[in-house]
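Student: Data file my_file_2.pdb (PDB, C-alpha atoms (C1' of nucleotides)) is appended below.
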```
ATOM      1  CA  MET A   1      78.887 106.875 111.352
ATOM      2  CA  ASP A   2      75.462 107.697 110.029
ATOM      3  CA  GLY A   3      73.328 105.956 107.478
ATOM      4  CA  LYS A   4      73.533 102.240 107.048
ATOM      5  CA  ILE A   5      75.108 100.518 110.000
ATOM      6  CA  VAL A   6      75.041  96.836 110.625
ATOM      7  CA  ASN A   7      74.170  95.317 113.957
ATOM      8  CA  LEU A   8      75.822  92.143 115.049
ATOM      9  CA  LYS A   9      74.172  90.593 118.055
ATOM     10  CA  SER A  10      74.499  87.653 120.358
ATOM     11  CA  LYS A  11      74.580  83.957 119.602
ATOM     12  CA  LEU A  12      75.947  84.514 116.150
ATOM     13  CA  GLU A  13      72.737  85.985 114.899
ATOM     14  CA  ILE A  14      73.605  88.490 112.297
ATOM     15  CA  TYR A  15      71.288  91.285 111.507
ATOM     16  CA  LYS A  16      71.300  92.785 108.113
ATOM     17  CA  ALA A  17      72.032  96.414 107.683
ATOM     18  CA  MET A  18      69.158  98.644 108.482
ATOM     19  CA  THR A  19      68.605 101.556 106.230
ATOM     20  CA  ASP A  20      67.661 103.708 109.188
ATOM     21  CA  GLY A  21      66.871 103.673 112.868
ATOM     22  CA  ALA A  22      69.977 101.722 113.774
ATOM     23  CA  ASN A  23      73.150 103.231 115.073
ATOM     24  CA  PHE A  24      76.569 102.272 116.222
ATOM     25  CA  ALA A  25      75.825 102.323 119.924
ATOM     26  CA  ASP A  26      73.206  99.602 119.547
ATOM     27  CA  CYS A  27      75.839  97.063 118.656
ATOM     28  CA  PRO A  28      77.630  95.906 121.809
ATOM     29  CA  VAL A  29      80.362  94.219 119.851
ATOM     30  CA  ARG A  30      81.399  97.342 118.083
ATOM     31  CA  ASP A  31      80.735  99.721 120.937
ATOM     32  CA  VAL A  32      82.405  97.819 123.759
ATOM     33  CA  ILE A  33      85.046  95.796 121.944
ATOM     34  CA  HIS A  34      86.320  98.919 120.262
ATOM     35  CA  GLY A  35      87.243 100.346 123.650
ATOM     36  CA  ILE A  36      89.124  97.205 124.593
ATOM     37  CA  ASN A  37      90.927  96.257 121.451
ATOM     38  CA  GLY A  38      93.086  99.272 120.910
ATOM     39  CA  LYS A  39      96.731  98.711 120.286
ATOM     40  CA  TRP A  40      97.724  99.341 123.889
ATOM     41  CA  SER A  41      94.582  98.712 125.928
ATOM     42  CA  PRO A  42      94.976  94.949 126.430
ATOM     43  CA  LEU A  43      98.566  95.405 127.525
ATOM     44  CA  LEU A  44      97.712  98.075 130.074
ATOM     45  CA  VAL A  45      94.694  96.215 131.416
ATOM     46  CA  MET A  46      96.891  93.167 131.776
ATOM     47  CA  ALA A  47      99.480  95.128 133.692
ATOM     48  CA  LEU A  48      96.907  96.758 135.966
ATOM     49  CA  ALA A  49      95.262  93.389 136.594
ATOM     50  CA  GLU A  50      98.410  92.397 138.409
ATOM     51  CA  LYS A  51      98.522  95.431 140.646
ATOM     52  CA  PRO A  52      97.989  99.190 140.510
ATOM     53  CA  TYR A  53     100.697 101.173 138.802
ATOM     54  CA  ARG A  54     101.660 104.788 138.500
ATOM     55  CA  PHE A  55     102.016 106.622 135.204
ATOM     56  CA  GLY A  56     105.783 106.428 135.083
ATOM     57  CA  GLU A  57     105.797 102.793 136.092
ATOM     58  CA  LEU A  58     103.513 101.882 133.230
ATOM     59  CA  ARG A  59     105.692 103.860 130.909
ATOM     60  CA  ARG A  60     108.761 101.922 131.951
ATOM     61  CA  LEU A  61     106.845  98.648 131.795
ATOM     62  CA  VAL A  62     105.878  99.254 128.194
ATOM     63  CA  PRO A  63     108.830 101.199 126.875
ATOM     64  CA  ASP A  64     107.646 101.466 123.303
ATOM     65  CA  ILE A  65     104.460 103.330 124.141
ATOM     66  CA  SER A  66     104.668 107.082 123.792
ATOM     67  CA  GLN A  67     103.583 109.287 126.659
ATOM     68  CA  ARG A  68     100.954 110.661 124.374
ATOM     69  CA  MET A  69      99.383 107.249 123.740
ATOM     70  CA  LEU A  70      99.737 106.205 127.365
ATOM     71  CA  THR A  71      97.857 109.285 128.513
ATOM     72  CA  GLN A  72      95.229 108.810 125.854
ATOM     73  CA  THR A  73      94.727 105.079 126.354
ATOM     74  CA  LEU A  74      94.481 105.421 130.121
ATOM     75  CA  ASN A  75      91.981 108.194 129.657
ATOM     76  CA  GLU A  76      89.839 106.003 127.411
ATOM     77  CA  LEU A  77      90.024 103.085 129.827
ATOM     78  CA  GLN A  78      88.995 105.428 132.624
ATOM     79  CA  ARG A  79      86.144 106.810 130.579
ATOM     80  CA  ASP A  80      84.784 103.341 129.878
ATOM     81  CA  GLY A  81      84.914 102.570 133.588
ATOM     82  CA  TYR A  82      87.655  99.947 133.549
ATOM     83  CA  VAL A  83      90.308 101.994 135.280
ATOM     84  CA  HIS A  84      90.304 104.196 138.356
ATOM     85  CA  ARG A  85      92.648 107.192 138.468
ATOM     86  CA  GLU A  86      93.712 108.529 141.827
ATOM     87  CA  VAL A  87      95.969 111.492 142.444
ATOM     88  CA  PHE A  88      98.128 111.516 145.553
ATOM     89  CA  PRO A  89      99.127 115.024 146.664
ATOM     90  CA  THR A  90     102.628 113.949 147.602
ATOM     91  CA  LYS A  91     105.669 116.137 147.090
ATOM     92  CA  PRO A  92     106.016 115.170 143.436
ATOM     93  CA  PRO A  93     102.312 114.433 142.955
ATOM     94  CA  GLY A  94     101.805 110.791 142.046
ATOM     95  CA  VAL A  95      98.957 109.354 140.024
ATOM     96  CA  GLU A  96      97.942 105.772 140.575
ATOM     97  CA  TYR A  97      95.921 103.743 138.107
ATOM     98  CA  SER A  98      94.022 100.637 139.151
ATOM     99  CA  LEU A  99      91.329  98.373 137.751
ATOM    100  CA  THR A 100      87.758  98.920 138.862
ATOM    101  CA  ASP A 101      85.390  96.030 139.494
ATOM    102  CA  LEU A 102      84.128  96.451 135.952
ATOM    103  CA  GLY A 103      87.688  96.355 134.727
ATOM    104  CA  ARG A 104      88.450  93.179 136.620
ATOM    105  CA  SER A 105      85.271  91.618 135.290
ATOM    106  CA  MET A 106      86.249  92.542 131.752
ATOM    107  CA  PHE A 107      89.736  91.222 132.274
ATOM    108  CA  GLY A 108      88.249  87.853 133.192
ATOM    109  CA  ALA A 109      86.878  87.597 129.657
ATOM    110  CA  LEU A 110      89.930  89.119 128.039
ATOM    111  CA  HIS A 111      92.066  86.632 129.895
ATOM    112  CA  GLN A 112      90.501  83.783 127.894
ATOM    113  CA  LEU A 113      91.782  85.362 124.731
ATOM    114  CA  ILE A 114      95.212  85.986 126.248
ATOM    115  CA  GLN A 115      95.502  82.368 127.287
ATOM    116  CA  TRP A 116      94.453  81.261 123.836
ATOM    117  CA  ALA A 117      97.106  83.509 122.360
ATOM    118  CA  GLU A 118      99.784  81.927 124.523
ATOM    119  CA  LEU A 119      98.724  78.389 123.742
ATOM    120  CA  ASN A 120      98.421  78.949 120.017
ATOM    121  CA  HIS A 121     101.226  81.341 119.385
ATOM    122  CA  ASP A 122     103.250  78.731 117.550
ATOM    123  CA  ALA A 123     100.334  77.612 115.396
ATOM    124  CA  VAL A 124      99.717  81.184 114.291
ATOM    125  CA  ARG A 125     103.357  81.745 113.497
ATOM    126  CA  GLU A 126     103.457  78.559 111.453
ATOM    127  CA  ALA A 127     100.364  79.603 109.543
ATOM    128  CA  ARG A 128     101.993  82.928 108.814
ATOM    129  CA  ALA A 129     105.225  81.346 107.653
ATOM    130  CA  GLY A 130     103.336  78.964 105.376
ATOM    131  CA  PHE A 131     101.242  81.758 103.936
ATOM    132  CA  ASP A 132     104.237  83.985 103.310
ATOM    133  CA  ALA A 133     105.999  81.084 101.591
ATOM    134  CA  THR A 134     103.191  80.562  99.083
ATOM    135  CA  GLN A 135     103.014  84.273  98.373
ATOM    136  CA  ALA A 136     106.732  84.553  97.660
TER
ATOM    137  CA  MET B   1     110.069  97.841 116.376
ATOM    138  CA  ASP B   2     113.682  97.439 117.300
ATOM    139  CA  GLY B   3     115.476  98.351 120.467
ATOM    140  CA  LYS B   4     113.754  98.150 123.793
ATOM    141  CA  ILE B   5     110.650  96.038 123.665
ATOM    142  CA  VAL B   6     108.761  94.782 126.626
ATOM    143  CA  ASN B   7     107.590  91.216 126.946
ATOM    144  CA  LEU B   8     104.355  90.484 128.681
ATOM    145  CA  LYS B   9     103.912  86.837 129.433
ATOM    146  CA  SER B  10     101.445  84.426 130.919
ATOM    147  CA  LYS B  11      99.824  84.387 134.317
ATOM    148  CA  LEU B  12     100.147  88.107 134.725
ATOM    149  CA  GLU B  13     103.860  87.923 135.080
ATOM    150  CA  ILE B  14     105.247  91.049 133.650
ATOM    151  CA  TYR B  15     108.716  91.138 132.370
ATOM    152  CA  LYS B  16     110.625  94.352 132.406
ATOM    153  CA  ALA B  17     111.983  95.777 129.231
ATOM    154  CA  MET B  18     115.090  94.142 127.990
ATOM    155  CA  THR B  19     117.696  96.362 126.529
ATOM    156  CA  ASP B  20     118.449  93.831 123.843
ATOM    157  CA  GLY B  21     117.820  90.271 122.717
ATOM    158  CA  ALA B  22     114.086  90.549 123.031
ATOM    159  CA  ASN B  23     111.749  91.193 120.172
ATOM    160  CA  PHE B  24     108.123  91.672 119.438
ATOM    161  CA  ALA B  25     107.460  88.115 118.286
ATOM    162  CA  ASP B  26     108.365  86.708 121.674
ATOM    163  CA  CYS B  27     105.305  88.270 123.245
ATOM    164  CA  PRO B  28     102.233  86.214 122.409
ATOM    165  CA  VAL B  29      99.908  88.894 123.626
ATOM    166  CA  ARG B  30     101.202  91.491 121.253
ATOM    167  CA  ASP B  31     101.888  89.136 118.381
ATOM    168  CA  VAL B  32      98.644  87.201 118.371
ATOM    169  CA  ILE B  33      96.185  89.674 119.834
ATOM    170  CA  HIS B  34      97.264  92.293 117.368
ATOM    171  CA  GLY B  35      96.015  90.111 114.517
ATOM    172  CA  ILE B  36      92.655  89.667 116.197
ATOM    173  CA  ASN B  37      91.858  93.054 117.555
ATOM    174  CA  GLY B  38      91.801  95.105 114.422
ATOM    175  CA  LYS B  39      88.828  97.327 113.854
ATOM    176  CA  TRP B  40      87.079  94.842 111.582
ATOM    177  CA  SER B  41      88.574  91.459 112.459
ATOM    178  CA  PRO B  42      86.248  90.523 115.325
ATOM    179  CA  LEU B  43      83.225  91.428 113.256
ATOM    180  CA  LEU B  44      84.318  89.313 110.301
ATOM    181  CA  VAL B  45      85.337  86.356 112.443
ATOM    182  CA  MET B  46      81.968  86.550 114.111
ATOM    183  CA  ALA B  47      80.194  86.534 110.783
ATOM    184  CA  LEU B  48      82.239  83.653 109.432
ATOM    185  CA  ALA B  49      81.707  81.688 112.643
ATOM    186  CA  GLU B  50      78.070  81.487 111.668
ATOM    187  CA  LYS B  51      78.686  80.181 108.191
ATOM    188  CA  PRO B  52      80.984  80.741 105.220
ATOM    189  CA  TYR B  53      80.400  83.866 103.213
ATOM    190  CA  ARG B  54      81.523  85.262  99.919
ATOM    191  CA  PHE B  55      83.275  88.583  99.491
ATOM    192  CA  GLY B  56      80.228  90.501  98.379
ATOM    193  CA  GLU B  57      78.062  88.951 101.080
ATOM    194  CA  LEU B  58      80.442  90.126 103.777
ATOM    195  CA  ARG B  59      80.464  93.543 102.222
ATOM    196  CA  ARG B  60      76.705  93.778 102.396
ATOM    197  CA  LEU B  61      76.698  92.345 105.907
ATOM    198  CA  VAL B  62      79.009  95.089 107.144
ATOM    199  CA  PRO B  63      78.053  98.001 104.935
ATOM    200  CA  ASP B  64      80.380 100.525 106.484
ATOM    201  CA  ILE B  65      83.526  98.613 105.710
ATOM    202  CA  SER B  66      85.329  99.706 102.589
ATOM    203  CA  GLN B  67      86.278  97.140  99.972
ATOM    204  CA  ARG B  68      89.858  98.052 100.619
ATOM    205  CA  MET B  69      89.678  97.222 104.335
ATOM    206  CA  LEU B  70      87.615  94.102 103.696
ATOM    207  CA  THR B  71      90.230  92.771 101.291
ATOM    208  CA  GLN B  72      93.022  93.684 103.661
ATOM    209  CA  THR B  73      91.427  92.318 106.821
ATOM    210  CA  LEU B  74      90.470  89.032 105.163
ATOM    211  CA  ASN B  75      93.996  88.737 103.868
ATOM    212  CA  GLU B  76      95.413  89.208 107.366
ATOM    213  CA  LEU B  77      93.001  86.694 108.846
ATOM    214  CA  GLN B  78      93.978  84.240 106.150
ATOM    215  CA  ARG B  79      97.645  84.845 106.768
ATOM    216  CA  ASP B  80      97.294  84.154 110.475
ATOM    217  CA  GLY B  81      95.512  80.914 109.668
ATOM    218  CA  TYR B  82      92.046  81.808 110.930
ATOM    219  CA  VAL B  83      90.320  81.981 107.585
ATOM    220  CA  HIS B  84      90.316  79.760 104.533
ATOM    221  CA  ARG B  85      89.890  81.333 101.110
ATOM    222  CA  GLU B  86      88.544  79.220  98.300
ATOM    223  CA  VAL B  87      88.007  80.315  94.726
ATOM    224  CA  PHE B  88      85.234  78.694  92.726
ATOM    225  CA  PRO B  89      85.797  78.831  88.971
ATOM    226  CA  THR B  90      82.157  79.509  88.255
ATOM    227  CA  LYS B  91      81.020  81.819  85.474
ATOM    228  CA  PRO B  92      81.649  84.944  87.537
ATOM    229  CA  PRO B  93      84.345  83.441  89.752
ATOM    230  CA  GLY B  94      83.211  83.380  93.355
ATOM    231  CA  VAL B  95      85.411  83.453  96.411
ATOM    232  CA  GLU B  96      84.250  81.853  99.604
ATOM    233  CA  TYR B  97      85.707  82.614 103.001
ATOM    234  CA  SER B  98      85.329  80.227 105.928
ATOM    235  CA  LEU B  99      86.857  79.709 109.358
ATOM    236  CA  THR B 100      89.581  77.128 109.738
ATOM    237  CA  ASP B 101      89.849  74.899 112.814
ATOM    238  CA  LEU B 102      92.292  77.402 114.249
ATOM    239  CA  GLY B 103      89.840  80.183 113.536
ATOM    240  CA  ARG B 104      87.006  78.337 115.261
ATOM    241  CA  SER B 105      89.260  77.656 118.220
ATOM    242  CA  MET B 106      90.165  81.315 118.450
ATOM    243  CA  PHE B 107      86.545  82.316 118.139
ATOM    244  CA  GLY B 108      85.785  80.209 121.200
ATOM    245  CA  ALA B 109      87.981  82.517 123.243
ATOM    246  CA  LEU B 110      86.859  85.657 121.481
ATOM    247  CA  HIS B 111      83.292  84.653 122.147
ATOM    248  CA  GLN B 112      83.862  85.089 125.898
ATOM    249  CA  LEU B 113      84.714  88.692 125.297
ATOM    250  CA  ILE B 114      81.751  89.182 122.999
ATOM    251  CA  GLN B 115      79.399  87.783 125.588
ATOM    252  CA  TRP B 116      80.899  90.024 128.215
ATOM    253  CA  ALA B 117      80.390  92.984 125.924
ATOM    254  CA  GLU B 118      76.730  92.160 125.522
ATOM    255  CA  LEU B 119      76.132  91.665 129.214
ATOM    256  CA  ASN B 120      77.958  94.800 130.279
ATOM    257  CA  HIS B 121      77.121  97.163 127.470
ATOM    258  CA  ASP B 122      74.875  99.216 129.700
ATOM    259  CA  ALA B 123      77.435  99.434 132.495
ATOM    260  CA  VAL B 124      80.039 100.736 130.098
ATOM    261  CA  ARG B 125      77.660 103.283 128.659
ATOM    262  CA  GLU B 126      76.776 104.493 132.126
ATOM    263  CA  ALA B 127      80.428 104.804 133.048
ATOM    264  CA  ARG B 128      81.024 106.826 129.924
ATOM    265  CA  ALA B 129      78.076 109.113 130.580
ATOM    266  CA  GLY B 130      79.248 109.684 134.147
ATOM    267  CA  PHE B 131      82.780 110.412 133.046
ATOM    268  CA  ASP B 132      81.680 112.809 130.351
ATOM    269  CA  ALA B 133      79.492 114.617 132.851
ATOM    270  CA  THR B 134      82.362 115.286 135.236
ATOM    271  CA  GLN B 135      84.549 116.479 132.394
ATOM    272  CA  ALA B 136      82.003 118.969 131.129
TER
ATOM    273  C1'  DA C   1     122.885 126.283 140.095
ATOM    274  C1'  DG C   2     122.431 122.057 137.883
ATOM    275  C1'  DT C   3     120.146 117.521 137.506
ATOM    276  C1'  DG C   4     116.505 114.397 138.017
ATOM    277  C1'  DC C   5     111.934 112.973 139.160
ATOM    278  C1'  DT C   6     106.705 113.684 138.930
ATOM    279  C1'  DG C   7     102.722 113.559 135.055
ATOM    280  C1'  DG C   8     101.582 115.286 131.623
ATOM    281  C1'  DT C   9     100.718 118.719 126.937
ATOM    282  C1'  DC C  10     102.099 120.513 122.285
ATOM    283  C1'  DT C  11     103.707 120.176 117.688
ATOM    284  C1'  DC C  12     105.444 117.793 113.731
ATOM    285  C1'  DT C  13     105.954 113.697 110.874
ATOM    286  C1'  DT C  14     104.765 109.155 109.526
ATOM    287  C1'  DT C  15     101.503 105.497 109.241
ATOM    288  C1'  DT C  16      96.907 103.810 108.856
ATOM    289  C1'  DT C  17      92.277 104.206 107.373
ATOM    290  C1'  DG C  18      88.416 105.711 104.605
ATOM    291  C1'  DA C  19      85.961 107.174 100.167
ATOM    292  C1'  DG C  20      85.504 106.500  95.858
ATOM    293  C1'  DA C  21      86.969 105.756  91.032
ATOM    294  C1'  DC C  22      88.615 102.151  88.041
ATOM    295  C1'  DT C  23      89.565  97.190  86.016
ATOM    296  C1'  DA C  24      88.025  92.951  83.610
ATOM    297  C1'  DC C  25      84.892  89.482  82.400
ATOM    298  C1'  DA C  26      80.188  87.323  81.899
ATOM    299  C1'  DG C  27      75.216  87.409  81.381
ATOM    300  C1'  DG C  28      70.665  89.455  80.491
ATOM    301  C1'  DC C  29      67.870  92.832  78.173
ATOM    302  C1'  DC C  30      66.125  95.779  74.409
TER
ATOM    303  C1'  DG D   1      75.377  96.241  69.337
ATOM    304  C1'  DG D   2      74.951  99.192  73.593
ATOM    305  C1'  DC D   3      73.784  99.334  78.398
ATOM    306  C1'  DC D   4      73.220  97.680  82.861
ATOM    307  C1'  DT D   5      73.962  94.206  86.386
ATOM    308  C1'  DG D   6      77.054  91.430  89.376
ATOM    309  C1'  DT D   7      81.558  89.107  90.384
ATOM    310  C1'  DA D   8      86.235  90.381  93.343
ATOM    311  C1'  DG D   9      89.163  93.132  93.748
ATOM    312  C1'  DT D  10      93.097  97.248  92.897
ATOM    313  C1'  DC D  11      94.548 102.187  92.734
ATOM    314  C1'  DT D  12      94.733 106.875  94.142
ATOM    315  C1'  DC D  13      94.055 110.571  97.107
ATOM    316  C1'  DA D  14      92.344 112.788 101.386
ATOM    317  C1'  DA D  15      91.456 112.371 106.333
ATOM    318  C1'  DA D  16      92.321 110.429 110.733
ATOM    319  C1'  DA D  17      95.264 108.145 114.052
ATOM    320  C1'  DA D  18      99.689 107.073 115.981
ATOM    321  C1'  DG D  19     104.671 107.892 116.980
ATOM    322  C1'  DA D  20     108.807 110.985 118.176
ATOM    323  C1'  DG D  21     110.410 114.241 120.697
ATOM    324  C1'  DA D  22     110.453 119.020 122.724
ATOM    325  C1'  DC D  23     108.606 121.477 126.473
ATOM    326  C1'  DC D  24     106.353 122.700 131.075
ATOM    327  C1'  DA D  25     105.898 123.501 136.307
ATOM    328  C1'  DG D  26     107.102 122.072 140.908
ATOM    329  C1'  DC D  27     109.969 119.984 144.219
ATOM    330  C1'  DA D  28     114.272 117.346 146.054
ATOM    331  C1'  DC D  29     118.912 116.332 146.197
ATOM    332  C1'  DT D  30     123.711 117.698 145.692
TER
END
```
As structure tokens, what does this structure read like?
Tutor:
Amino acid sequence: MDGKIVNLKSKLEIYKAMTDGANFADCPVRDVIHGINGKWSPLLVMALAEKPYRFGELRRLVPDISQRMLTQTLNELQRDGYVHREVFPTKPPGVEYSLTDLGRSMFGALHQLIQWAELNHDAVREARAGFDATQA
Amino acid sequence: MDGKIVNLKSKLEIYKAMTDGANFADCPVRDVIHGINGKWSPLLVMALAEKPYRFGELRRLVPDISQRMLTQTLNELQRDGYVHREVFPTKPPGVEYSLTDLGRSMFGALHQLIQWAELNHDAVREARAGFDATQA
DNA sequence: AGTGCTGGTCTCTTTTTGAGACTACAGGCC
DNA sequence: GGCCTGTAGTCTCAAAAAGAGACCAGCACT
């Protein structure tokens, strides 16, 4: 992560690599998007945007996530300030996860991409099929 | 990828896991977003949204990507129909990569997220700092 | 006393990624 | 001719990340 790192900034302006003085954290795209675009993050944010869920509920909602990755992804989302974690000292202690204001704000932007994905799912699948055909 | 797979569909409706009959490809979020949210994909799409670039230009633009991952990511973007690859039979053959209409359309949605990232970079960094402080 | 639920952690294996050498061809330079 | 550059990649091997599943403690129900 040291040495030559490129910065990509707003309005499509692309800055050339700097030989020094620049670092990863100065590039919002890489720094912020990386926290959002994990394999499971969008799915969990989407779920929590609907309503708060507990650990086990999320696990059942997304059956092919491992407990390990669920714990880890939720922890990352909490660290970045998107998710709030609250422990209820009930008999079997329950842990509820919910979106923070920052999380809801982020979801607003993410939602654009989700909607695009729904609308263009078929187009992407066609492109894939065509590509695979020419390669075979 | 077989067995119990959850479907997450539009408008925040969340479908429970189906024990059978459902597969990965039926969930636009997972199918489409996965192709976009790789580590390097957003960066490359962003670059190509500005103007077409050749292989070596992209490599210099994003110095910390390996040739291997650049080749692979461009190939995936091409497969999903976002990027067009054109070979010019010049003396040293050049290969130019550009966004397709589908790619530009997708970038429109992705751009929302990029803008959000820029606007809220500081908030996320603060959240992280606060979280790390409580953990230490 | 056994079973299930709560929210995790720990370890082991498989997959993905990264770093860097290697290919092949063409042109310029000395 | 011999050497270096640049073109766009591929190949191999090591490191990092993800997945699978065992295990834990505490409490409730039967």
Student: Which of these residues is nearest to DT16 in chain C, using only C-alpha atoms (C1' of nucleotides): B:Gly35, B:Lys51, B:Met69, B:Arg60?
Tutor: B:Met69
Student: For chain B, which residues have at least one atom within 8 Å of chain C, if we go by all atoms listed in the file? Write them as a PyMOL selection string, please.
Tutor: chain B and resi 66+91-92
Student: Could you please take those selected residues and save C-alpha atoms as a PDB file, keeping the file's coordinate frame?
Tutor:
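Result file is selection-v7.pdb:
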```
ATOM      1  CA  SER B  66      85.329  99.706 102.589  1.00  0.00           C
ATOM      2  CA  LYS B  91      81.020  81.819  85.474  1.00  0.00           C
ATOM      3  CA  PRO B  92      81.649  84.944  87.537  1.00  0.00           C
TER       4      PRO B  92
END
```
Student: Measuring between all atoms listed in the file, which one of A:Leu61, A:Ala127, A:Cys27, A:Val87 shows the shortest distance to Met46 in chain A?
Tutor: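 For Met46 in chain A, the nearest of the candidates is A:Leu61.
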Student: Would you compute the distance between C1' of DA17 in chain D and CA of Glu76 in chain B? Give it in Å to one decimal.
Tutor: 20.1 Å
Student: Give me, as a list in words, the residues of chain B touching chain D, with the criterion being at most 12 Å (counting all atoms listed in the file).
Tutor: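 Filtering chain B at 12 Å from chain D with all atoms listed in the file gives Met1, Arg54, Phe55, Gly56, Glu57, Leu58, Arg59, Ser66, Gln67, Arg68, Met69, Leu70, Thr71, Gln72, Val87, Phe88, Pro89, Thr90, Lys91, Pro92, Pro93, Gly94, Val95 and Glu96 of chain B.
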Student: Would you give me, as a ChimeraX atom specification, the residues of chain B that come within 6 Å of chain A, using only C-alpha atoms?
Tutor: /B:6,12,16,28,32,37,50,61-62,79-81,109-110,112-113,117-118,121,124,127-128,131
Student: So what do you get for CA of Pro52 in chain B versus CA of Thr100 in chain B, distance-wise?
Tutor: 10.4 Å
Student: Can you measure CA of Tyr53 in chain B to CA of Ser98 in chain B for me? One decimal in Å is fine.
Tutor: 6.7 Å
Student: Range 108-117 of chain A, all listed atoms, 5 Å padding on each side: what axis-aligned box centre and edge lengths in Å to one decimal come out, as AutoDock Vina command-line options?
Tutor:
```
--center_x 92.0 --center_y 85.2 --center_z 127.8 --size_x 20.2 --size_y 17.9 --size_z 20.8
```
Student: Generate the missing atoms of range 131-136 of chain B up to all heavy atoms and report them as a PDB file, in the frame of the given file.
Tutor:
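Resulting contents of out-v6.pdb:
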```
ATOM      1  N   PHE B 131      81.475 109.802 133.275  1.00  0.00           N
ATOM      2  CA  PHE B 131      82.780 110.412 133.046  1.00  0.00           C
ATOM      3  C   PHE B 131      82.639 111.700 132.245  1.00  0.00           C
ATOM      4  O   PHE B 131      83.212 112.729 132.602  1.00  0.00           O
ATOM      5  CB  PHE B 131      83.672 109.421 132.302  1.00  0.00           C
ATOM      6  CG  PHE B 131      85.062 109.924 132.035  1.00  0.00           C
ATOM      7  CD1 PHE B 131      86.057 109.774 132.989  1.00  0.00           C
ATOM      8  CD2 PHE B 131      85.372 110.542 130.832  1.00  0.00           C
ATOM      9  CE1 PHE B 131      87.343 110.228 132.743  1.00  0.00           C
ATOM     10  CE2 PHE B 131      86.649 111.008 130.580  1.00  0.00           C
ATOM     11  CZ  PHE B 131      87.634 110.859 131.543  1.00  0.00           C
ATOM     12  N   ASP B 132      81.849 111.634 131.196  1.00  0.00           N
ATOM     13  CA  ASP B 132      81.680 112.809 130.351  1.00  0.00           C
ATOM     14  C   ASP B 132      81.036 113.956 131.128  1.00  0.00           C
ATOM     15  O   ASP B 132      81.357 115.126 130.898  1.00  0.00           O
ATOM     16  CB  ASP B 132      80.824 112.461 129.131  1.00  0.00           C
ATOM     17  CG  ASP B 132      81.566 111.518 128.182  1.00  0.00           C
ATOM     18  OD1 ASP B 132      82.778 111.326 128.360  1.00  0.00           O
ATOM     19  OD2 ASP B 132      80.915 110.972 127.267  1.00  0.00           O
ATOM     20  N   ALA B 133      80.160 113.583 132.057  1.00  0.00           N
ATOM     21  CA  ALA B 133      79.492 114.617 132.851  1.00  0.00           C
ATOM     22  C   ALA B 133      80.491 115.369 133.735  1.00  0.00           C
ATOM     23  O   ALA B 133      80.443 116.590 133.835  1.00  0.00           O
ATOM     24  CB  ALA B 133      78.397 113.985 133.717  1.00  0.00           C
ATOM     25  N   THR B 134      81.387 114.637 134.364  1.00  0.00           N
ATOM     26  CA  THR B 134      82.362 115.286 135.236  1.00  0.00           C
ATOM     27  C   THR B 134      83.359 116.122 134.441  1.00  0.00           C
ATOM     28  O   THR B 134      83.911 117.086 134.957  1.00  0.00           O
ATOM     29  CB  THR B 134      83.153 114.249 136.058  1.00  0.00           C
ATOM     30  OG1 THR B 134      83.914 113.434 135.159  1.00  0.00           O
ATOM     31  CG2 THR B 134      82.234 113.362 136.859  1.00  0.00           C
ATOM     32  N   GLN B 135      83.588 115.743 133.220  1.00  0.00           N
ATOM     33  CA  GLN B 135      84.549 116.479 132.394  1.00  0.00           C
ATOM     34  C   GLN B 135      83.954 117.769 131.854  1.00  0.00           C
ATOM     35  O   GLN B 135      84.679 118.702 131.547  1.00  0.00           O
ATOM     36  CB  GLN B 135      85.013 115.618 131.221  1.00  0.00           C
ATOM     37  CG  GLN B 135      85.716 114.349 131.642  1.00  0.00           C
ATOM     38  CD  GLN B 135      87.031 114.626 132.360  1.00  0.00           C
ATOM     39  OE1 GLN B 135      87.849 115.387 131.873  1.00  0.00           O
ATOM     40  NE2 GLN B 135      87.227 114.008 133.510  1.00  0.00           N
ATOM     41  N   ALA B 136      82.651 117.791 131.724  1.00  0.00           N
ATOM     42  CA  ALA B 136      82.003 118.969 131.129  1.00  0.00           C
ATOM     43  C   ALA B 136      81.791 120.062 132.170  1.00  0.00           C
ATOM     44  O   ALA B 136      82.695 120.498 132.830  1.00  0.00           O
ATOM     45  CB  ALA B 136      80.659 118.577 130.530  1.00  0.00           C
TER      46      ALA B 136
END
```
